[in-house]
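Colleague: The structure's right below; bear with me while I get my questions together.
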Amino acid sequence: MLTEPLQKTQPVLLFVKEEDKPQRAFPPPCAIDWPNVVTEMISATGRAGAYGRCALEERCNPSLVFQRMTDPNKMIINLALFGTTQSGKSSAGNVLLGSLDFPSRFAPGSVTSECSLGRSCHLRSFMRRRGQEITLQVQVLDTPGYPHSRMSRMHVKQQVKEALEHHFGQEGLHLALLVQRVDVPFRAQEASYPVEMIQELLGHAWKNYTAILFTHAEKIQEAGSNEDEYLRGASETLLTLLNTIQHRYVFQYKTANSLNEQRMTILERIMAIIKENHYNVLTFK
């Protein structure tokens with residue numbers, strides 16, 4: 001257990017301009033069949049690992065990393081998931097990535113015990129910006145539940161702090177998503193823990209870079225209600241938080257629609273929030 005006080009990270013606002021990205025020549029095409037290499041590695045291990053299949057391809061084939069850094073018509077958004085134990089963080093992360101990178105299952109205690117970064121495959125022609133079609137890639141940082149059933153709050157907070165610095169220290173974080181089940185009451189004492197961690201790690205600008213991701217939203221429909229009625233009947237604690245973060249929220253439904261359709265709906269809403277922020281990011285130093 002950590003006993004030393006946590007040193008606060010000083011987030012830095014950064015505006016990213018496409019023209020400021022470094023221009024490098026692409027390396028020559030490689031003769032190795034990288035997709036087959038990755039497929040064989042996944043078959044041998046049973047899964048793609050903490051970084052997902054697309055990230056594994058980049059780690060095996062460095063030319064993809066150069067392309068990821070230099071393509072002016074490609075956008076990478078960085079997201080971090082926060083929430084209490086069994087709120088659905090890992091499952092929501094898998095939906096955002098369109099994969100099964102993060103272990104997710106029902107359990108009496110916390111499932112996620114360490115931070116893990118997942119990276120999606122390319123979503124081509126996802127949007128248009130400045131008259132150009134943009135390819136989108138999503139990076140998601142999954143974090144342990146807070147409070148955790150087996151780790152101290154200080155240990156979890158320190159781990160998340162280090163992960164933010166490692167993964168988004170230079171590229172920056174576009175949005176922190178506070179994951180909250182719609183069928184679980186948003187109680188002041190329990191809900192305050194992940195909110196306080198977000199405030200401490202993101203600094204004074206946290207409210208401009210935080211949104212609530214409501215999971216299991218199909219429960220609202222099953223109850224014969226809708227999103228507006230749900231929010232009108234929310235607790236004062238939740239309404240106060242929504243006002244603080246300028247009513248930035250997303251509902252995630254598990255419906256008969258395809259997983260890809262659900263994913264696109266959520267990503268479109270998240271991109272609208274990021275656009276409202278003028279694509280600004282928080283960096284961590």
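Note on naming: chains are A, B, ... as they come in the structure tokens, residues start from 1 per chain, ligands start from 1 in the order shown.
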So that I can see what lies close to Glu276 in chain A, please list as a PyMOL selection string the residues with an atom at most 12 Å from it, counting only C-alpha atoms and leaving out residues fewer than 2 positions away in the same chain.
Modeller: chain A and resi 174-175+208-209+246+248+269-274+278-281
Colleague: What are the DSSP strand (DSSP E or B) residues of range 151-213 of chain A, as a list in words?
Modeller: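 Listing strand (DSSP E or B) positions across range 151-213 of chain A yields Leu173, Leu175, Ala176, Leu177, Leu178, Val179, Gln180, Arg181, Thr210, Ala211, Ile212 and Leu213 of chain A.
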Colleague: Excluding Arg181 in chain A and its own-chain neighbours fewer than 5 positions away, which residues fall within 6 Å of it when counting only C-alpha atoms? Please give them as an mmCIF file with N, CA, C and O atoms, in the first residue's frame.
Modeller:
```cif
data_model
loop_
_atom_site.group_PDB
_atom_site.id
_atom_site.type_symbol
_atom_site.label_atom_id
_atom_site.label_comp_id
_atom_site.auth_asym_id
_atom_site.auth_seq_id
_atom_site.Cartn_x
_atom_site.Cartn_y
_atom_site.Cartn_z
ATOM 1 N N SER A 87 -19.400 -0.877 -13.073
ATOM 2 C CA SER A 87 -20.197 0.156 -13.749
ATOM 3 C C SER A 87 -20.298 -0.103 -15.247
ATOM 4 O O SER A 87 -21.120 0.510 -15.928
ATOM 5 N N PHE A 214 -23.589 6.911 -19.903
ATOM 6 C CA PHE A 214 -24.615 6.101 -19.249
ATOM 7 C C PHE A 214 -24.725 4.757 -19.957
ATOM 8 O O PHE A 214 -25.103 4.700 -21.136
ATOM 9 N N THR A 215 -24.418 3.687 -19.234
ATOM 10 C CA THR A 215 -24.515 2.353 -19.812
ATOM 11 C C THR A 215 -25.838 1.690 -19.429
ATOM 12 O O THR A 215 -26.553 2.165 -18.552
ATOM 13 N N HIS A 216 -26.154 0.591 -20.137
ATOM 14 C CA HIS A 216 -27.394 -0.154 -19.914
ATOM 15 C C HIS A 216 -28.618 0.739 -20.112
ATOM 16 O O HIS A 216 -29.623 0.617 -19.404
#
```
Colleague: Between CA of Gln139 in chain A and CA of Thr84 in chain A, what is the distance, to one decimal in Å?
Modeller: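 Going from CA of Gln139 in chain A over to CA of Thr84 in chain A, I get 20.9 Å.
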Colleague: CA of Phe284 in chain A to CA of Gly118 in chain A: how many Å, to one decimal?
Modeller: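 Between CA of Phe284 in chain A and CA of Gly118 in chain A the gap is 19.1 Å.
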Colleague: Contacts of Gly172 in chain A at 8 Å or less, counting only C-alpha atoms, minus same-chain residues fewer than 4 places along, as a PyMOL selection string?
Modeller: chain A and resi 14+78+168+281-284
Colleague: Write out the residues from the selection above, keeping all heavy atoms, as a PDB file, in the first residue's frame.
Modeller:
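Produced file again_16.pdb, reproduced below:
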```pdb
ATOM      1  N   LEU A  14      -3.546  22.051 -24.665  1.00  0.00           N
ATOM      2  CA  LEU A  14      -2.785  22.030 -25.913  1.00  0.00           C
ATOM      3  C   LEU A  14      -3.750  22.019 -27.072  1.00  0.00           C
ATOM      4  O   LEU A  14      -4.666  21.209 -27.107  1.00  0.00           O
ATOM      5  CB  LEU A  14      -1.888  20.781 -25.969  1.00  0.00           C
ATOM      6  CG  LEU A  14      -1.034  20.599 -27.213  1.00  0.00           C
ATOM      7  CD1 LEU A  14      -0.007  21.723 -27.313  1.00  0.00           C
ATOM      8  CD2 LEU A  14      -0.346  19.258 -27.200  1.00  0.00           C
ATOM      9  N   ASN A  78      -8.220  10.346 -28.042  1.00  0.00           N
ATOM     10  CA  ASN A  78      -7.788   9.644 -26.844  1.00  0.00           C
ATOM     11  C   ASN A  78      -8.836   9.798 -25.746  1.00  0.00           C
ATOM     12  O   ASN A  78      -9.185  10.918 -25.370  1.00  0.00           O
ATOM     13  CB  ASN A  78      -6.446  10.203 -26.365  1.00  0.00           C
ATOM     14  CG  ASN A  78      -5.340   9.958 -27.380  1.00  0.00           C
ATOM     15  OD1 ASN A  78      -5.320   8.937 -28.060  1.00  0.00           O
ATOM     16  ND2 ASN A  78      -4.419  10.896 -27.491  1.00  0.00           N
ATOM     17  N   PHE A 168      -0.806   9.372 -22.610  1.00  0.00           N
ATOM     18  CA  PHE A 168      -1.321  10.625 -23.146  1.00  0.00           C
ATOM     19  C   PHE A 168      -0.485  11.837 -22.719  1.00  0.00           C
ATOM     20  O   PHE A 168      -0.935  12.972 -22.864  1.00  0.00           O
ATOM     21  CB  PHE A 168      -2.772  10.831 -22.690  1.00  0.00           C
ATOM     22  CG  PHE A 168      -3.703   9.708 -23.056  1.00  0.00           C
ATOM     23  CD1 PHE A 168      -4.691   9.290 -22.177  1.00  0.00           C
ATOM     24  CD2 PHE A 168      -3.582   9.055 -24.278  1.00  0.00           C
ATOM     25  CE1 PHE A 168      -5.554   8.250 -22.513  1.00  0.00           C
ATOM     26  CE2 PHE A 168      -4.430   8.002 -24.614  1.00  0.00           C
ATOM     27  CZ  PHE A 168      -5.419   7.604 -23.735  1.00  0.00           C
ATOM     28  N   VAL A 281      -6.835  19.302 -26.267  1.00  0.00           N
ATOM     29  CA  VAL A 281      -6.506  18.157 -25.437  1.00  0.00           C
ATOM     30  C   VAL A 281      -5.817  18.611 -24.158  1.00  0.00           C
ATOM     31  O   VAL A 281      -5.315  19.724 -24.072  1.00  0.00           O
ATOM     32  CB  VAL A 281      -5.586  17.159 -26.174  1.00  0.00           C
ATOM     33  CG1 VAL A 281      -6.275  16.561 -27.385  1.00  0.00           C
ATOM     34  CG2 VAL A 281      -4.271  17.833 -26.575  1.00  0.00           C
ATOM     35  N   LEU A 282      -5.838  17.721 -23.163  1.00  0.00           N
ATOM     36  CA  LEU A 282      -5.065  17.911 -21.938  1.00  0.00           C
ATOM     37  C   LEU A 282      -3.824  17.034 -22.004  1.00  0.00           C
ATOM     38  O   LEU A 282      -3.928  15.834 -22.258  1.00  0.00           O
ATOM     39  CB  LEU A 282      -5.903  17.520 -20.717  1.00  0.00           C
ATOM     40  CG  LEU A 282      -6.890  18.547 -20.167  1.00  0.00           C
ATOM     41  CD1 LEU A 282      -7.686  17.906 -19.036  1.00  0.00           C
ATOM     42  CD2 LEU A 282      -6.181  19.778 -19.656  1.00  0.00           C
ATOM     43  N   THR A 283      -2.657  17.619 -21.787  1.00  0.00           N
ATOM     44  CA  THR A 283      -1.440  16.824 -21.678  1.00  0.00           C
ATOM     45  C   THR A 283      -1.030  16.755 -20.212  1.00  0.00           C
ATOM     46  O   THR A 283      -1.475  17.560 -19.386  1.00  0.00           O
ATOM     47  CB  THR A 283      -0.292  17.430 -22.513  1.00  0.00           C
ATOM     48  OG1 THR A 283      -0.042  18.768 -22.064  1.00  0.00           O
ATOM     49  CG2 THR A 283      -0.666  17.452 -23.982  1.00  0.00           C
ATOM     50  N   PHE A 284      -0.191  15.783 -19.895  1.00  0.00           N
ATOM     51  CA  PHE A 284       0.194  15.540 -18.504  1.00  0.00           C
ATOM     52  C   PHE A 284       1.717  15.553 -18.387  1.00  0.00           C
ATOM     53  O   PHE A 284       2.393  14.811 -19.067  1.00  0.00           O
ATOM     54  CB  PHE A 284      -0.368  14.197 -18.022  1.00  0.00           C
ATOM     55  CG  PHE A 284      -1.862  14.112 -18.153  1.00  0.00           C
ATOM     56  CD1 PHE A 284      -2.444  13.679 -19.342  1.00  0.00           C
ATOM     57  CD2 PHE A 284      -2.690  14.472 -17.105  1.00  0.00           C
ATOM     58  CE1 PHE A 284      -3.818  13.604 -19.487  1.00  0.00           C
ATOM     59  CE2 PHE A 284      -4.066  14.406 -17.243  1.00  0.00           C
ATOM     60  CZ  PHE A 284      -4.639  13.971 -18.422  1.00  0.00           C
TER      61      PHE A 284
END
```
Colleague: Please indicate the distance in Å from CA of Gln189 in chain A to CA of Leu81 in chain A, rounded to one decimal place.
Modeller: 19.6 Å
